[in-house]
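Beneath this line is the structure, given in structure tokens, with notes to follow.
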Amino acid sequence: MTENTEDPAADIAWMRNLAEEGAGTPFQGGSILMSAGLIYGIASLIHWAQISQWVELPGRAIGIVWLIATGLFLAVLVFLISWLKRREGVMTSGNRASSTAWSALGWGIFAMFASLAALGYQLGEDAILLGVGLIPSIIMVFYGIGWAVTATMHRNRVLWWLMTGSFVAAPLLALLAGQNAQYLAYAAALFLLMALPGWMLMRQARA
């Protein structure tokens with residue numbers, strides 16, 4: 001006979017303590033979010049400039065731009081993770097939960113691109129055009145989830161607005177699919193919803 005050891009009151013108390021601990025400490029991953037927003041925002045601007053014929057690049061060069069951006073971000077990520085581990089004290093539950101959420105979202109984005117590549121391999125390049133048009137929107141949804149977790153763990157009302165902004169940006173970017181303006185709008189979303197708040201969170205953590 002299995003004994004039921006569930007204690008709802010204890011679970012609620014544990015969650016309350018977790019949230020209170022997170023509310024008392026600033027989020028430590030702002031520099032990572034800022035770097036992601038800046039690097040991919042600039043890549044999106046280059047993409048927009050290429051398809052708008054503001055700069056002359058070979059057709060396949062734009063894919064290389066995104067690969068370079070990803071390689072650069074991974075290098076910066078390794079450096080920042082090492083730097084944060086050296087400078088931070090005790091890792092609070094709030095920061096641990098937020099960091100885990102953003103890390104999982106990053107792997108989710110990687111899995112999404114791998115899935116699109118598999119789709120293109122299986123059905124041909126034309127089959128992934130719809131998916132490519134939805135990539136900015138899907139990434140904004142991922143970011144909205146990340147801001148929701150961070151806002152909950154740190155009890156920060158401003159971060160809830162970032163979550164809302166990310167979710168609103170997703171369908172708006174989808175409306176621009178197939179137009180040159182989509183990647184200009186995507187760059188603006190990355191700068192405003194990732195780079196800028198990441199910089200502000202980084203300053204808050206340093207203070």
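The chains in the structure tokens are called A, B, ... from first to last as shown; in each chain the residues are counted from 1, and the ligands are counted from 1 in the order shown.
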Between region 24-82 of chain A and region 97-104 of chain A, at 12 Å or less, what are the per-residue closest atom pairs and their distances in Å? Count only C-alpha atoms, order by chain and rising residue number, and return it as CSV.
```
residue,atom,partner,partner_atom,distance
A:Thr25,CA,A:Ser98,CA,11.9
A:Pro26,CA,A:Ser98,CA,10.9
A:Phe27,CA,A:Ser98,CA,7.8
A:Gln28,CA,A:Ser99,CA,8.3
A:Gly29,CA,A:Ser99,CA,6.9
A:Gly30,CA,A:Ser99,CA,10.2
A:Ile32,CA,A:Trp102,CA,9.8
A:Leu33,CA,A:Trp102,CA,9.0
A:Ala36,CA,A:Trp102,CA,11.4
A:Leu77,CA,A:Ser103,CA,10.8
A:Ile81,CA,A:Ser99,CA,10.5
```
I need the residues from that last selection saved to file as a compact mmCIF listing (two decimals), in the first residue's frame (with N, CA, C and O atoms), if you can.
```txt
# COMPACT_ATOMS: atom_id res chain seq x y z
N THR A 25 16.40 39.72 -4.73
CA THR A 25 17.67 39.78 -5.43
C THR A 25 17.45 40.13 -6.90
O THR A 25 16.47 39.70 -7.50
N PRO A 26 18.35 40.92 -7.49
CA PRO A 26 18.20 41.27 -8.91
C PRO A 26 18.54 40.10 -9.81
O PRO A 26 19.30 39.20 -9.42
N PHE A 27 18.00 40.12 -11.00
CA PHE A 27 18.29 39.08 -11.99
C PHE A 27 19.72 39.25 -12.48
O PHE A 27 20.15 40.35 -12.82
N GLN A 28 20.47 38.14 -12.53
CA GLN A 28 21.90 38.20 -12.84
C GLN A 28 22.22 37.99 -14.32
O GLN A 28 23.39 38.11 -14.70
N GLY A 29 21.23 37.64 -15.13
CA GLY A 29 21.53 37.32 -16.53
C GLY A 29 21.27 38.43 -17.51
O GLY A 29 21.15 38.18 -18.72
N GLY A 30 21.20 39.69 -17.03
CA GLY A 30 20.90 40.80 -17.92
C GLY A 30 21.92 40.98 -19.02
O GLY A 30 21.57 41.32 -20.16
N ILE A 32 23.60 38.72 -20.56
CA ILE A 32 23.39 37.71 -21.60
C ILE A 32 22.23 38.12 -22.50
O ILE A 32 22.31 38.03 -23.74
N LEU A 33 21.14 38.59 -21.89
CA LEU A 33 19.99 39.02 -22.68
C LEU A 33 20.34 40.23 -23.54
O LEU A 33 19.93 40.32 -24.71
N ALA A 36 22.36 39.03 -26.53
CA ALA A 36 21.52 38.35 -27.52
C ALA A 36 20.72 39.37 -28.32
O ALA A 36 20.64 39.28 -29.56
N LEU A 77 28.52 34.16 -24.85
CA LEU A 77 27.79 33.44 -23.81
C LEU A 77 28.74 32.69 -22.89
O LEU A 77 28.60 32.73 -21.66
N ILE A 81 28.99 33.61 -18.94
CA ILE A 81 28.67 32.60 -17.91
C ILE A 81 29.85 32.44 -16.95
O ILE A 81 29.68 32.38 -15.72
```
Which residues are near Ile135 (chain A)? Cut-off 12 Å, only C-alpha atoms, ignore same chain within fewer than 4 positions. Put them as number ranges by chain.
A: 44, 109-110, 112-113, 115-116, 128-131, 139-142, 170-171, 173-174, 176-178, 182-183, 186
Put those residues in a file: C-alpha atoms, as a short mmCIF file (atom, residue, chain, number, x, y, z; two decimals), in the first residue's frame.
```cif
data_model
loop_
_atom_site.label_atom_id
_atom_site.label_comp_id
_atom_site.auth_asym_id
_atom_site.auth_seq_id
_atom_site.Cartn_x
_atom_site.Cartn_y
_atom_site.Cartn_z
CA SER A 44 18.32 41.34 -38.47
CA ILE A 109 15.06 27.90 -30.33
CA PHE A 110 17.95 25.67 -31.43
CA MET A 112 13.17 24.81 -33.73
CA PHE A 113 15.89 25.64 -36.27
CA SER A 115 13.38 21.01 -37.03
CA LEU A 116 13.13 23.50 -39.90
CA ILE A 128 10.15 25.76 -45.16
CA LEU A 129 9.27 29.20 -46.55
CA LEU A 130 6.21 29.45 -44.31
CA GLY A 131 8.26 28.39 -41.30
CA ILE A 139 11.15 33.60 -31.06
CA MET A 140 9.10 36.46 -29.61
CA VAL A 141 6.76 33.90 -28.04
CA PHE A 142 9.78 32.14 -26.50
CA ALA A 170 4.59 37.95 -32.30
CA PRO A 171 1.40 38.32 -34.40
CA LEU A 173 5.65 40.34 -37.01
CA ALA A 174 3.65 37.53 -38.62
CA LEU A 176 4.71 41.45 -41.99
CA ALA A 177 5.83 38.02 -43.23
CA GLY A 178 7.10 38.18 -46.80
CA GLN A 182 9.51 42.30 -41.17
CA TYR A 183 13.21 42.12 -40.36
CA TYR A 186 12.16 42.26 -35.76
#
```
Closest to Leu193 (chain A) among A:Ala205, A:Val158, A:Ala181, A:Ile64, using only C-alpha atoms?
A:Val158
Excluding Leu190 (chain A) and residues on its chain fewer than 5 positions from it, collect all residues at most 12 Å away from it, counting only C-alpha atoms, and give them as a CSV table (one decimal) with N, CA and C atoms, in the first residue's frame.
```
chain,number,residue,atom,x,y,z
A,33,LEU,N,21.1,38.6,-21.9
A,33,LEU,CA,20.0,39.0,-22.7
A,33,LEU,C,20.3,40.2,-23.5
A,34,MET,N,21.1,41.2,-23.0
A,34,MET,CA,21.5,42.3,-23.7
A,34,MET,C,22.4,41.9,-25.0
A,35,SER,N,23.3,41.0,-24.7
A,35,SER,CA,24.1,40.5,-25.8
A,35,SER,C,23.3,39.9,-26.9
A,36,ALA,N,22.4,39.0,-26.5
A,36,ALA,CA,21.5,38.4,-27.5
A,36,ALA,C,20.7,39.4,-28.3
A,37,GLY,N,20.1,40.3,-27.6
A,37,GLY,CA,19.3,41.3,-28.3
A,37,GLY,C,20.2,42.2,-29.3
A,38,LEU,N,21.4,42.6,-28.9
A,38,LEU,CA,22.2,43.4,-29.7
A,38,LEU,C,22.7,42.6,-30.9
A,39,ILE,N,23.3,41.4,-30.7
A,39,ILE,CA,23.9,40.6,-31.8
A,39,ILE,C,22.8,40.2,-32.8
A,40,TYR,N,21.7,39.7,-32.4
A,40,TYR,CA,20.7,39.2,-33.3
A,40,TYR,C,19.9,40.4,-33.9
A,41,GLY,N,19.8,41.5,-33.1
A,41,GLY,CA,19.2,42.7,-33.7
A,41,GLY,C,20.0,43.3,-34.8
A,42,ILE,N,21.3,43.3,-34.7
A,42,ILE,CA,22.2,43.8,-35.8
A,42,ILE,C,22.1,42.9,-37.0
A,43,ALA,N,22.1,41.5,-36.7
A,43,ALA,CA,22.0,40.6,-37.8
A,43,ALA,C,20.7,40.8,-38.6
A,44,SER,N,19.6,41.1,-37.8
A,44,SER,CA,18.3,41.3,-38.5
A,44,SER,C,18.4,42.6,-39.3
A,45,LEU,N,19.1,43.6,-38.8
A,45,LEU,CA,19.2,44.9,-39.6
A,45,LEU,C,20.0,44.6,-40.9
A,136,PRO,N,10.6,34.9,-36.6
A,136,PRO,CA,10.6,36.0,-35.7
A,136,PRO,C,9.5,36.0,-34.7
A,137,SER,N,8.3,35.6,-35.1
A,137,SER,CA,7.1,35.5,-34.2
A,137,SER,C,7.3,34.4,-33.2
A,139,ILE,N,10.1,33.2,-32.0
A,139,ILE,CA,11.2,33.6,-31.1
A,139,ILE,C,10.6,34.6,-30.1
A,140,MET,N,9.7,35.5,-30.5
A,140,MET,CA,9.1,36.5,-29.6
A,140,MET,C,8.2,35.7,-28.6
A,143,TYR,N,10.5,34.4,-26.0
A,143,TYR,CA,11.0,35.5,-25.1
A,143,TYR,C,9.9,35.9,-24.1
A,144,GLY,N,8.7,35.9,-24.6
A,144,GLY,CA,7.6,36.3,-23.7
A,144,GLY,C,7.5,35.3,-22.5
A,162,LEU,N,7.2,43.5,-20.5
A,162,LEU,CA,8.0,42.9,-21.5
A,162,LEU,C,7.4,41.6,-22.0
A,165,GLY,N,4.6,42.8,-24.2
A,165,GLY,CA,5.1,43.3,-25.5
A,165,GLY,C,5.6,42.2,-26.4
A,166,SER,N,6.3,41.2,-25.9
A,166,SER,CA,6.8,40.1,-26.7
A,166,SER,C,5.6,39.3,-27.3
A,169,ALA,N,4.1,41.5,-30.0
A,169,ALA,CA,5.0,41.6,-31.2
A,169,ALA,C,4.9,40.4,-32.1
A,170,ALA,N,4.6,39.2,-31.5
A,170,ALA,CA,4.6,38.0,-32.3
A,170,ALA,C,3.6,38.0,-33.5
A,173,LEU,N,4.6,40.7,-36.1
A,173,LEU,CA,5.7,40.3,-37.0
A,173,LEU,C,5.2,39.3,-38.1
A,183,TYR,N,11.9,42.2,-41.1
A,183,TYR,CA,13.2,42.1,-40.4
A,183,TYR,C,13.6,43.4,-39.7
A,184,LEU,N,13.2,44.6,-40.3
A,184,LEU,CA,13.4,45.8,-39.6
A,184,LEU,C,12.6,45.9,-38.3
A,185,ALA,N,11.3,45.4,-38.4
A,185,ALA,CA,10.5,45.4,-37.1
A,185,ALA,C,11.1,44.4,-36.1
A,195,ALA,N,17.6,43.7,-25.7
A,195,ALA,CA,18.9,44.4,-25.5
A,195,ALA,C,18.7,45.5,-24.4
A,196,LEU,N,17.7,46.4,-24.6
A,196,LEU,CA,17.5,47.5,-23.6
A,196,LEU,C,17.1,47.0,-22.2
A,197,PRO,N,16.1,46.1,-22.0
A,197,PRO,CA,15.9,45.6,-20.7
A,197,PRO,C,17.0,44.8,-20.1
A,198,GLY,N,17.8,44.1,-21.0
A,198,GLY,CA,18.9,43.3,-20.5
A,198,GLY,C,20.0,44.3,-19.9
```
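Here CA of Leu72 (chain A) stands at a distance of 20.1 Å from CA of Gln50 (chain A).
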CA of Lys85 (chain A) and CA of Thr152 (chain A), how far apart in Å?
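For CA of Thr152 (chain A) relative to CA of Lys85 (chain A), the distance reads 23.1 Å.
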Pick out the closest residue to Ile145 (chain A) from this set: A:Met163, A:Ile68, A:Ala118, A:Ser52. Count only C-alpha atoms.
A:Met163
Which residues in region 8-173 of chain A does DSSP call alpha helix (DSSP H)? List them as a compact mmCIF listing (two decimals) with C-alpha atoms, in the first residue's frame.
```txt
# COMPACT_ATOMS: atom_id res chain seq x y z
CA PRO A 8 -0.32 20.98 -0.28
CA ALA A 9 0.29 23.50 2.49
CA ALA A 10 4.02 22.72 2.51
CA ASP A 11 4.16 22.98 -1.28
CA ILE A 12 2.47 26.39 -1.20
CA ALA A 13 4.84 27.58 1.53
CA TRP A 14 7.84 26.38 -0.48
CA MET A 15 6.64 28.27 -3.57
CA ARG A 16 6.03 31.39 -1.48
CA ASN A 17 9.53 31.23 -0.01
CA LEU A 18 10.95 30.69 -3.48
CA ALA A 19 9.17 33.77 -4.84
CA GLU A 20 10.12 35.92 -1.81
CA GLU A 21 13.76 34.94 -2.18
CA GLY A 22 13.71 35.83 -5.86
CA ALA A 23 12.04 39.18 -5.17
CA GLY A 30 20.90 40.80 -17.92
CA SER A 31 24.24 40.91 -19.73
CA ILE A 32 23.39 37.71 -21.60
CA LEU A 33 19.99 39.02 -22.68
CA MET A 34 21.52 42.34 -23.75
CA SER A 35 24.14 40.53 -25.84
CA ALA A 36 21.52 38.35 -27.52
CA GLY A 37 19.34 41.35 -28.33
CA LEU A 38 22.24 43.38 -29.74
CA ILE A 39 23.88 40.61 -31.78
CA TYR A 40 20.72 39.23 -33.34
CA GLY A 41 19.20 42.70 -33.69
CA ILE A 42 22.20 43.80 -35.77
CA ALA A 43 21.98 40.59 -37.82
CA SER A 44 18.32 41.34 -38.47
CA LEU A 45 19.21 44.87 -39.60
CA ILE A 46 21.78 43.45 -42.03
CA HIS A 47 19.15 41.00 -43.31
CA TRP A 48 16.70 43.88 -43.85
CA ALA A 49 19.35 45.98 -45.59
CA GLN A 50 20.21 43.10 -47.91
CA ILE A 51 16.65 42.25 -48.97
CA ALA A 61 25.49 35.50 -47.70
CA ILE A 62 22.59 36.40 -45.44
CA GLY A 63 22.53 32.87 -44.07
CA ILE A 64 26.23 33.24 -43.28
CA VAL A 65 25.45 36.47 -41.41
CA TRP A 66 23.07 34.60 -39.10
CA LEU A 67 25.63 31.81 -38.61
CA ILE A 68 28.29 34.37 -37.71
CA ALA A 69 25.86 36.03 -35.29
CA THR A 70 25.18 32.67 -33.63
CA GLY A 71 28.88 31.84 -33.37
CA LEU A 72 29.59 35.28 -31.89
CA PHE A 73 26.76 34.94 -29.38
CA LEU A 74 27.95 31.49 -28.28
CA ALA A 75 31.46 32.86 -27.71
CA VAL A 76 30.08 35.80 -25.72
CA LEU A 77 27.79 33.44 -23.81
CA VAL A 78 30.69 31.24 -22.67
CA PHE A 79 32.60 34.31 -21.50
CA LEU A 80 29.62 35.84 -19.68
CA ILE A 81 28.67 32.60 -17.91
CA SER A 82 32.25 32.26 -16.66
CA TRP A 83 32.31 35.91 -15.59
CA LEU A 84 28.99 35.68 -13.77
CA LYS A 85 30.07 32.57 -11.90
CA ARG A 86 33.19 34.35 -10.67
CA ARG A 87 31.49 37.52 -9.48
CA SER A 93 16.44 30.09 -6.20
CA GLY A 94 14.91 32.97 -8.17
CA ASN A 95 18.02 33.47 -10.28
CA ARG A 96 18.44 29.73 -10.70
CA ALA A 97 14.87 29.33 -11.95
CA SER A 98 15.15 32.32 -14.31
CA SER A 99 18.50 31.16 -15.67
CA THR A 100 17.16 27.67 -16.23
CA ALA A 101 14.11 29.04 -18.05
CA TRP A 102 16.19 31.21 -20.41
CA SER A 103 18.64 28.38 -21.01
CA ALA A 104 15.77 26.01 -21.86
CA LEU A 105 14.31 28.62 -24.22
CA GLY A 106 17.66 28.92 -25.97
CA TRP A 107 17.76 25.17 -26.52
CA GLY A 108 14.13 25.33 -27.67
CA ILE A 109 15.06 27.90 -30.33
CA PHE A 110 17.95 25.67 -31.43
CA ALA A 111 15.56 22.70 -31.65
CA MET A 112 13.17 24.81 -33.73
CA PHE A 113 15.89 25.64 -36.27
CA ALA A 114 16.98 22.00 -36.36
CA SER A 115 13.38 21.01 -37.03
CA LEU A 116 13.13 23.50 -39.90
CA ALA A 117 16.37 22.15 -41.36
CA ALA A 118 14.99 18.60 -41.12
CA LEU A 119 11.77 19.74 -42.78
CA GLY A 120 13.72 21.31 -45.62
CA TYR A 121 15.78 18.17 -46.06
CA GLN A 122 12.67 15.99 -46.12
CA LEU A 123 10.32 18.09 -48.25
CA LEU A 129 9.27 29.20 -46.55
CA LEU A 130 6.21 29.45 -44.31
CA GLY A 131 8.26 28.39 -41.30
CA VAL A 132 10.96 30.94 -42.06
CA GLY A 133 8.32 33.68 -42.15
CA LEU A 134 7.16 32.62 -38.67
CA ILE A 135 10.60 32.43 -37.06
CA PRO A 136 10.61 36.02 -35.66
CA SER A 137 7.13 35.48 -34.21
CA ILE A 138 8.03 32.14 -32.63
CA ILE A 139 11.15 33.60 -31.06
CA MET A 140 9.10 36.46 -29.61
CA VAL A 141 6.76 33.90 -28.04
CA PHE A 142 9.78 32.14 -26.50
CA TYR A 143 11.00 35.47 -25.12
CA GLY A 144 7.58 36.26 -23.70
CA ILE A 145 7.65 32.99 -21.75
CA GLY A 146 11.13 33.82 -20.47
CA TRP A 147 10.02 37.25 -19.26
CA ALA A 148 6.96 35.71 -17.59
CA VAL A 149 9.12 33.32 -15.56
CA THR A 150 11.60 36.07 -14.65
CA ALA A 151 8.82 38.48 -13.67
CA THR A 152 7.24 35.84 -11.44
CA MET A 153 10.47 34.84 -9.71
CA HIS A 154 11.60 38.44 -9.10
CA ARG A 157 5.93 44.39 -12.68
CA VAL A 158 8.00 45.99 -15.44
CA LEU A 159 9.00 42.55 -16.67
CA TRP A 160 5.33 41.65 -17.08
CA TRP A 161 5.11 44.48 -19.62
CA LEU A 162 8.03 42.95 -21.49
CA MET A 163 6.16 39.64 -21.55
CA THR A 164 3.08 41.41 -22.92
CA GLY A 165 5.15 43.30 -25.48
CA SER A 166 6.77 40.09 -26.69
CA PHE A 167 3.42 38.34 -27.10
CA VAL A 168 1.94 41.35 -28.92
CA ALA A 169 4.97 41.59 -31.20
CA ALA A 170 4.59 37.95 -32.30
CA PRO A 171 1.40 38.32 -34.40
CA LEU A 172 2.43 41.78 -35.60
CA LEU A 173 5.65 40.34 -37.01
```
What does the structure give for the distance between CA of Gln53 (chain A) and CA of Gln179 (chain A), in Å to one decimal?
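Value for the CA of Gln53 (chain A)-CA of Gln179 (chain A) distance: 13.0 Å.
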